[in-house]
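What's in entry_15.txt: compact mmCIF, C-alpha atoms
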# COMPACT_ATOMS: atom_id res chain seq x y z
CA MET G 57 166.18 157.00 113.01
CA ARG G 58 163.34 154.85 114.30
CA GLY G 59 161.13 157.90 114.64
CA PHE G 60 161.83 158.88 111.05
CA ARG G 61 160.90 155.41 109.78
CA ALA G 62 157.68 155.43 111.80
CA LYS G 63 156.74 158.79 110.31
CA CYS G 64 157.45 157.46 106.83
CA ARG G 65 155.16 154.49 107.43
CA VAL G 66 152.37 156.75 108.68
CA GLY G 67 152.88 159.10 105.75
CA SER G 68 152.79 156.20 103.30
CA LEU G 69 149.55 154.90 104.81
CA VAL G 70 147.96 158.34 104.68
CA LEU G 71 149.05 158.77 101.06
CA LEU G 72 147.67 155.33 100.20
CA PHE G 73 144.30 156.13 101.79
CA VAL G 74 144.15 159.45 99.94
CA ILE G 75 144.85 157.76 96.59
CA VAL G 76 142.25 155.05 97.24
CA GLY G 77 139.73 157.67 98.35
CA LEU G 78 140.28 159.81 95.26
CA ALA G 79 139.98 156.75 93.01
CA ALA G 80 136.70 155.78 94.68
CA LEU G 81 135.38 159.33 94.37
CA TYR G 82 136.31 159.42 90.70
CA GLY G 83 134.50 156.12 90.17
CA LEU G 84 131.34 157.56 91.73
CA LEU G 85 131.44 160.84 89.83
CA LYS G 86 132.63 159.50 86.48
CA PRO G 87 129.85 159.76 83.86
CA ILE G 88 128.39 156.45 82.71
CA SER G 89 128.22 156.09 78.94
CA SER G 90 124.72 154.62 79.15
CA GLY G 91 123.68 156.63 82.17
CA CYS G 92 121.94 159.95 82.74
CA ILE G 93 122.76 163.56 83.39
CA MET G 94 121.63 165.45 86.47
CA THR G 95 117.97 166.47 86.57
CA TYR G 96 117.02 169.70 88.33
CA MET G 97 113.52 170.04 89.74
CA TYR G 98 111.25 172.54 91.51
CA PRO G 99 108.49 170.18 92.68
CA THR G 100 105.07 170.93 94.09
CA TYR G 101 102.68 168.10 94.94
CA ILE G 102 99.00 168.99 94.77
CA PRO G 103 96.74 166.60 96.72
CA ILE G 104 93.69 165.28 94.91
CA SER G 105 90.65 165.02 97.17
CA THR G 106 89.49 161.52 98.02
CA PRO G 107 85.86 160.64 98.83
CA ALA G 108 85.22 159.24 102.28
CA ASP G 109 83.90 155.95 100.90
CA VAL G 110 87.27 154.89 99.43
CA SER G 111 88.37 151.73 101.19
CA SER G 112 92.13 152.40 101.09
CA ASP G 113 92.07 155.79 102.78
CA LYS G 114 95.67 155.33 103.94
CA TYR G 115 96.90 155.97 100.38
CA GLY G 116 96.90 159.24 98.49
CA LEU G 117 96.86 160.77 95.02
CA PHE G 118 98.88 163.81 93.96
CA LEU G 119 99.30 166.00 90.89
CA TYR G 120 102.83 167.17 90.16
CA HIS G 121 103.59 170.80 89.28
CA GLU G 122 107.01 171.96 88.12
CA GLY G 123 107.97 175.50 89.10
CA TRP G 124 109.41 177.51 91.96
CA LYS G 125 106.53 179.99 92.21
CA LYS G 126 103.66 179.36 94.61
CA ILE G 127 100.39 178.50 92.91
CA ASP G 128 96.74 178.31 93.85
CA PHE G 129 95.97 174.60 93.98
CA ALA G 130 92.26 174.95 93.18
CA GLU G 131 92.91 177.25 90.23
CA HIS G 132 95.65 174.97 88.91
CA LEU G 133 93.37 171.94 89.04
CA LYS G 134 90.70 173.91 87.22
CA GLN G 135 93.04 174.40 84.25
CA LEU G 136 93.79 170.69 83.73
CA SER G 137 93.79 170.03 79.99
CA GLY G 138 96.82 167.86 79.20
CA VAL G 139 97.39 164.14 78.84
CA PRO G 140 97.07 162.32 82.19
CA VAL G 141 99.94 160.10 83.30
CA LEU G 142 99.93 158.13 86.55
CA PHE G 143 103.21 157.14 88.21
CA ILE G 144 103.20 154.03 90.42
CA PRO G 145 106.21 153.58 92.73
CA GLY G 146 107.73 150.21 93.46
CA ASN G 147 108.80 148.31 96.56
CA GLY G 148 109.38 150.82 99.36
CA GLY G 149 109.16 153.65 96.83
CA SER G 150 107.77 157.15 97.20
CA TYR G 151 105.29 159.06 95.08
CA LYS G 152 107.89 161.85 95.00
CA GLN G 153 110.01 159.73 92.66
CA VAL G 154 107.80 161.08 89.88
CA ARG G 155 109.60 164.42 90.10
CA SER G 156 112.47 163.59 87.72
CA LEU G 157 110.20 162.24 84.99
CA ALA G 158 107.65 165.01 85.41
CA ALA G 159 110.24 167.78 85.50
CA GLU G 160 111.94 166.60 82.32
CA SER G 161 108.67 166.21 80.41
CA SER G 162 107.54 169.66 81.55
CA ARG G 163 110.84 171.14 80.44
CA ALA G 164 110.60 169.36 77.09
CA TYR G 165 107.09 170.68 76.50
CA GLN G 166 107.98 174.26 77.34
CA ALA G 167 111.23 174.43 75.40
CA GLY G 168 111.51 171.20 73.46
CA PRO G 169 113.26 171.95 70.15
CA LEU G 170 112.23 170.54 66.82
CA GLU G 171 114.81 169.31 64.34
CA PRO G 172 117.48 171.98 63.64
CA THR G 173 116.71 171.77 59.91
CA PHE G 174 113.16 172.95 60.60
CA TYR G 175 114.39 176.22 62.05
CA GLY G 176 116.89 176.65 59.25
CA GLU G 177 114.25 176.18 56.59
CA ALA G 178 111.78 178.45 58.37
CA THR G 179 114.20 181.33 58.85
CA THR G 180 115.88 181.16 55.44
CA ALA G 181 112.78 180.59 53.30
CA PRO G 182 112.25 183.41 50.77
CA VAL G 183 109.27 185.70 51.28
CA GLU G 184 106.60 185.08 48.66
CA GLU G 185 105.53 187.90 46.36
CA GLY G 186 102.40 189.69 47.47
CA SER G 187 102.94 188.67 51.08
CA ASN G 188 102.68 191.27 53.85
CA LEU G 189 105.52 189.55 55.70
CA LEU G 190 108.75 191.52 55.60
CA PRO G 191 112.19 189.86 55.79
CA GLU G 192 112.96 191.65 59.06
CA ASP G 193 109.84 190.07 60.58
CA LEU G 194 111.64 186.74 60.52
CA ASP G 195 113.93 188.04 63.25
CA ASP G 196 111.03 187.67 65.69
CA PHE G 197 110.23 184.14 64.54
CA GLU G 198 109.19 182.03 67.53
CA HIS G 199 110.16 178.39 67.67
CA PRO G 200 106.98 176.36 68.14
CA SER G 201 106.76 173.64 70.76
CA GLN G 202 107.48 170.13 69.58
CA TYR G 203 104.44 168.83 71.43
CA THR G 204 100.78 169.76 71.07
CA HIS G 205 99.79 168.63 74.57
CA MET G 206 101.67 168.58 77.83
CA LEU G 207 101.73 165.61 80.18
CA ASP G 208 99.90 166.01 83.49
CA TRP G 209 101.79 163.79 85.92
CA PHE G 210 99.92 162.22 88.81
CA ALA G 211 101.40 159.87 91.41
CA VAL G 212 99.95 157.51 93.98
CA ASP G 213 101.26 157.62 97.52
CA LEU G 214 101.43 153.99 98.64
CA GLU G 215 102.99 154.80 102.01
CA GLY G 216 106.33 153.31 100.98
CA GLU G 217 105.01 149.82 101.64
CA HIS G 218 107.18 146.85 100.74
CA SER G 219 105.08 145.42 97.95
CA ALA G 220 107.75 142.87 97.01
CA MET G 221 107.21 141.09 100.32
CA ASP G 222 103.50 140.24 100.27
CA GLY G 223 100.92 139.55 97.58
CA GLN G 224 98.16 141.04 99.73
CA ILE G 225 99.92 144.41 99.64
CA LEU G 226 100.06 144.17 95.85
CA GLU G 227 96.32 143.47 95.78
CA GLU G 228 95.64 146.59 97.85
CA HIS G 229 97.91 148.68 95.64
CA THR G 230 96.13 147.42 92.54
CA GLU G 231 92.72 148.32 93.91
CA TYR G 232 93.87 151.82 94.78
CA VAL G 233 95.47 152.35 91.38
CA VAL G 234 92.16 151.40 89.74
CA TYR G 235 90.44 153.97 91.94
CA ALA G 236 93.14 156.56 91.11
CA ILE G 237 92.61 156.07 87.36
CA HIS G 238 88.89 156.73 87.74
CA ARG G 239 89.50 159.68 90.07
CA ILE G 240 91.91 161.29 87.61
CA LEU G 241 89.45 161.07 84.72
CA ASP G 242 86.68 162.40 86.97
CA GLN G 243 88.93 165.32 87.95
CA TYR G 244 89.30 166.30 84.29
CA LYS G 245 85.53 166.26 83.96
CA GLU G 246 85.16 168.45 87.06
CA SER G 247 87.78 170.88 85.74
CA HIS G 248 86.08 170.98 82.35
CA GLU G 249 82.70 171.80 83.90
CA ALA G 250 84.26 174.48 86.11
CA ARG G 251 85.77 176.22 83.09
CA LEU G 252 82.44 176.10 81.26
CA LYS G 253 80.69 177.71 84.22
CA GLU G 254 83.18 180.55 84.06
CA GLY G 255 82.31 181.13 80.41
CA ALA G 256 85.22 179.44 78.67
CA GLU G 257 84.44 179.27 74.95
CA ASN G 258 86.61 176.27 74.12
CA SER G 259 87.39 174.13 77.12
CA GLY G 260 89.03 171.34 75.12
CA SER G 261 88.19 167.67 74.88
CA LEU G 262 88.22 165.33 77.85
CA PRO G 263 90.78 162.52 78.07
CA THR G 264 89.33 159.03 78.05
CA SER G 265 92.40 157.10 79.18
CA VAL G 266 95.39 157.40 81.51
CA ILE G 267 98.98 156.44 80.71
CA LEU G 268 100.49 154.26 83.46
CA VAL G 269 104.18 154.43 84.36
CA GLY G 270 105.33 151.89 86.93
CA HIS G 271 108.75 151.56 88.50
CA SER G 272 109.84 148.11 89.71
CA MET G 273 106.85 146.38 91.35
CA GLY G 274 104.76 149.36 90.29
CA GLY G 275 104.99 148.10 86.72
CA LEU G 276 103.39 144.82 87.71
CA VAL G 277 100.69 146.69 89.63
CA ALA G 278 100.00 148.70 86.46
CA ARG G 279 99.49 145.50 84.46
CA ALA G 280 97.30 144.09 87.22
CA ALA G 281 95.14 147.22 87.23
CA VAL G 282 94.45 146.87 83.50
CA VAL G 283 92.90 143.42 83.98
CA HIS G 284 91.11 144.30 87.22
CA PRO G 285 87.36 143.60 86.94
CA HIS G 286 86.41 147.03 88.35
CA LEU G 287 88.43 149.07 85.85
CA ARG G 288 86.32 151.03 83.39
CA LYS G 289 86.64 149.88 79.81
CA SER G 290 89.42 151.44 77.69
CA THR G 291 90.65 153.75 80.46
CA VAL G 292 94.24 152.49 80.05
CA GLU G 293 95.80 151.96 76.64
CA THR G 294 99.50 152.59 77.33
CA ILE G 295 101.77 151.16 80.04
CA LEU G 296 105.44 151.93 80.57
CA THR G 297 107.31 149.75 83.07
CA LEU G 298 110.77 150.56 84.40
CA ALA G 299 112.90 147.70 85.75
CA SER G 300 109.79 145.67 86.54
CA PRO G 301 109.66 141.90 87.11
CA HIS G 302 106.92 140.36 84.98
CA GLN G 303 107.21 136.59 84.98
CA SER G 304 107.89 135.79 88.63
CA PRO G 305 108.81 137.52 91.91
CA PRO G 306 112.55 138.18 92.37
CA VAL G 307 112.36 136.60 95.83
CA ALA G 308 109.25 134.56 96.64
CA LEU G 309 109.14 135.14 100.37
CA GLN G 310 105.46 134.22 100.59
CA PRO G 311 103.19 132.02 98.47
CA SER G 312 100.86 134.99 97.95
CA LEU G 313 103.51 136.63 95.76
CA GLY G 314 103.63 133.69 93.37
CA HIS G 315 99.84 133.53 93.29
CA TYR G 316 99.62 137.24 92.45
CA PHE G 317 102.11 136.96 89.58
CA ALA G 318 100.39 133.84 88.24
CA LYS G 319 96.95 135.46 88.37
CA VAL G 320 98.07 138.64 86.59
CA ASN G 321 99.91 136.76 83.84
CA ASP G 322 97.00 134.35 83.39
CA GLU G 323 94.57 137.26 82.94
CA TRP G 324 96.89 138.82 80.38
CA ARG G 325 97.08 135.58 78.41
CA LYS G 326 93.29 135.46 78.39
CA GLY G 327 93.21 139.09 77.30
CA TYR G 328 95.02 138.23 74.07
CA GLU G 329 92.80 135.30 73.17
CA LYS G 330 90.41 135.74 70.26
CA LYS G 331 86.81 134.73 70.77
CA THR G 332 85.74 132.53 67.89
CA SER G 333 82.64 130.59 66.93
CA HIS G 334 82.52 126.83 66.33
CA ALA G 335 83.08 127.56 62.66
CA GLY G 336 86.26 129.47 63.46
CA ARG G 337 84.77 132.90 62.83
CA ILE G 338 86.15 135.70 65.01
CA LEU G 339 83.39 136.99 67.26
CA ALA G 340 85.37 139.65 69.11
CA ASN G 341 88.88 141.06 69.19
CA PRO G 342 91.07 140.33 72.22
CA THR G 343 90.24 142.60 75.13
CA LEU G 344 93.87 143.74 75.43
CA SER G 345 94.46 144.23 71.71
CA ARG G 346 94.58 148.02 72.10
CA VAL G 347 96.86 148.07 75.14
CA ILE G 348 100.51 148.92 74.44
CA VAL G 349 103.14 147.83 76.96
CA ILE G 350 106.70 149.15 76.85
CA SER G 351 109.06 147.42 79.29
CA ILE G 352 112.46 148.97 79.98
CA SER G 353 114.90 146.80 81.89
CA GLY G 354 117.03 148.15 84.69
CA GLY G 355 119.72 146.05 86.30
CA ILE G 356 122.79 148.00 87.39
CA ASN G 357 121.63 150.95 85.28
CA ASP G 358 118.23 151.26 86.97
CA PHE G 359 117.57 154.93 86.22
CA GLN G 360 114.17 156.60 86.01
CA VAL G 361 115.29 159.30 83.58

What is this file in C-alpha cells?
Amino acid sequence: MRGFRAKCRVGSLVLLFVIVGLAALYGLLKPISSGCIMTYMYPTYIPISTPADVSSDKYGLFLYHEGWKKIDFAEHLKQLSGVPVLFIPGNGGSYKQVRSLAAESSRAYQAGPLEPTFYGEATTAPVEEGSNLLPEDLDDFEHPSQYTHMLDWFAVDLEGEHSAMDGQILEEHTEYVVYAIHRILDQYKESHEARLKEGAENSGSLPTSVILVGHSMGGLVARAAVVHPHLRKSTVETILTLASPHQSPPVALQPSLGHYFAKVNDEWRKGYEKKTSHAGRILANPTLSRVIVISISGGINDFQV
C-alpha cells in the first residue's frame, strides 16, 4: 500500500511538472497581439574596404545582400544604385542584427503589393477604341513594384562593445559612424564611375544623404553623428531610432555617460535655434531644420521588425 502511495505522489509530481512546462511553452510560443511574425533571411555581408588612415581600424563596415545564391562582391558593389541606409547596433549589439530589417525591406521591394483596388481597376478597365491592346493581353498584366528605389542596407561592426557603460566608447562609435557615412557616399560615387567606364548609358543619380537606423544606444550615436563637426553638410536628413534612450543614460555607471548625453542634447538644442539679427530678422534657418527623427519606443516589446 505504501509503495502504491509513493508511486501516486511521484506520478502527481511528474504530471504537475508536465502541465507547468506545457503552460510555459505555450506562453513563449503564443503570438503577441502587438508583436511580430517570424522573419526568414538568407544573409550575405559584403565588407566595404577601409583606407589605412582610418583611426578606428578595429571597426568595420558591411553591405547586406539578401539571397541564397553566391554573388561576386565586386560586381555587386559596382551595381549600387538604391537608397543608402546605415544600421547602428546598440550596447553589445552586432552588425548582423540588420538582417531582419534588410531582408524584409528587400522582400517588400521585390514583391511589395500595391492596394488591391489598383489591381482590380487595372485588370477590369475596358480597352479603349483604337487601342492595339487586346483583352486577352490583360492576362499577362504584371503587378508593378510599390517602390521606385530599393534600400541598400549597410551596417557598422562595432565589435559588440558595451557602449552603455562608457561615454568614451560612444565617442569612438560616433566618430566611426561619421566616417562610415562618408565612406558609403564615396562608394556610390566609385560605383557610378565604374559603370560609366563600362559604357553604361544611364547610370542614375548619386545619393547625397544616408538614412540612419539606430537600435538602443545606436540611436543616440546616430543623433550624435548628425551634430558631429566633421560630418559633411546635409549628408543625413532622416534618423530612425528603435528603443533608444535620448534624455539620459538608463544607468549612469560613469560620469562620461552623462557628459555624452548632455553634449549631444545641447548640440541638438542649438541646432534648432534660429539665427536672428538685432532687429529680429531671421538670418539663417536652424541647422537641423531639415533633419527628421522618428523614435520608436521598445520596452517589453523591443522588436526590430

Could you tell me how far atom CA of Gly216 of chain G sits from atom CA of Tyr244 of chain G, in Å to one decimal place? 27.2 Å

Could you give me, as a short mmCIF file (atom, residue, chain, number, x, y, z; two decimals) with C-alpha atoms, in the coordinates of the input, the residues within 8 Å of Ser162 of chain G, counting only C-alpha atoms and dropping anything in the same chain fewer than 4 positions from it?
data_model
loop_
_atom_site.label_atom_id
_atom_site.label_comp_id
_atom_site.auth_asym_id
_atom_site.auth_seq_id
_atom_site.Cartn_x
_atom_site.Cartn_y
_atom_site.Cartn_z
CA GLU G 122 107.01 171.96 88.12
CA ALA G 158 107.65 165.01 85.41
CA GLN G 166 107.98 174.26 77.34
CA MET G 206 101.67 168.58 77.83
CA LEU G 207 101.73 165.61 80.18
#

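Residues with any atom within 7 Å of segment 245-252 of chain G, counting all atoms listed in the file and excluding same-chain neighbours fewer than 3 positions away, are Leu133, Lys134, Gln135, Leu136, Leu241, Asp242, Gly255, Ala256, Ser259 and Leu262 of chain G.
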
Using atom CA of Ile102 of chain G and atom CA of Asn147 of chain G as the two end points, give the distance in Å to one decimal. 23.0 Å

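Of note, atom CA of Ile144 of chain G and atom CA of Val307 of chain G are spaced 20.4 Å apart.
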
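Among G:Thr100, G:Tyr115, G:Ala159, G:Gln153, the residue with the shortest atom-to-atom distance to Phe129 of chain G, counting all atoms listed in the file, is G:Thr100.
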
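Distance check against Pro305 of chain G using all atoms listed in the file: of G:Ala80, G:Ile267, G:Ala220, G:Val277, the minimum falls on G:Ala220.
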
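For the point (97.2, 141.3, 88.5), the residues with an atom at a distance of at most 7 Å are Val277, Arg279, Ala280, Ala281, Val283, His284, Tyr316, Phe317, Lys319 and Val320 of chain G, counting only C-alpha atoms.
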
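Distances to Tyr151 of chain G were evaluated for G:Gln243, G:Arg337, G:His286, G:Ala211 using all atoms listed in the file, and the minimum falls at G:Ala211.
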
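When all atoms listed in the file are used to measure the gap to Val292 of chain G, the shortest distance among G:Ile240, G:Leu214, G:Val154, G:Leu71 belongs to G:Ile240.
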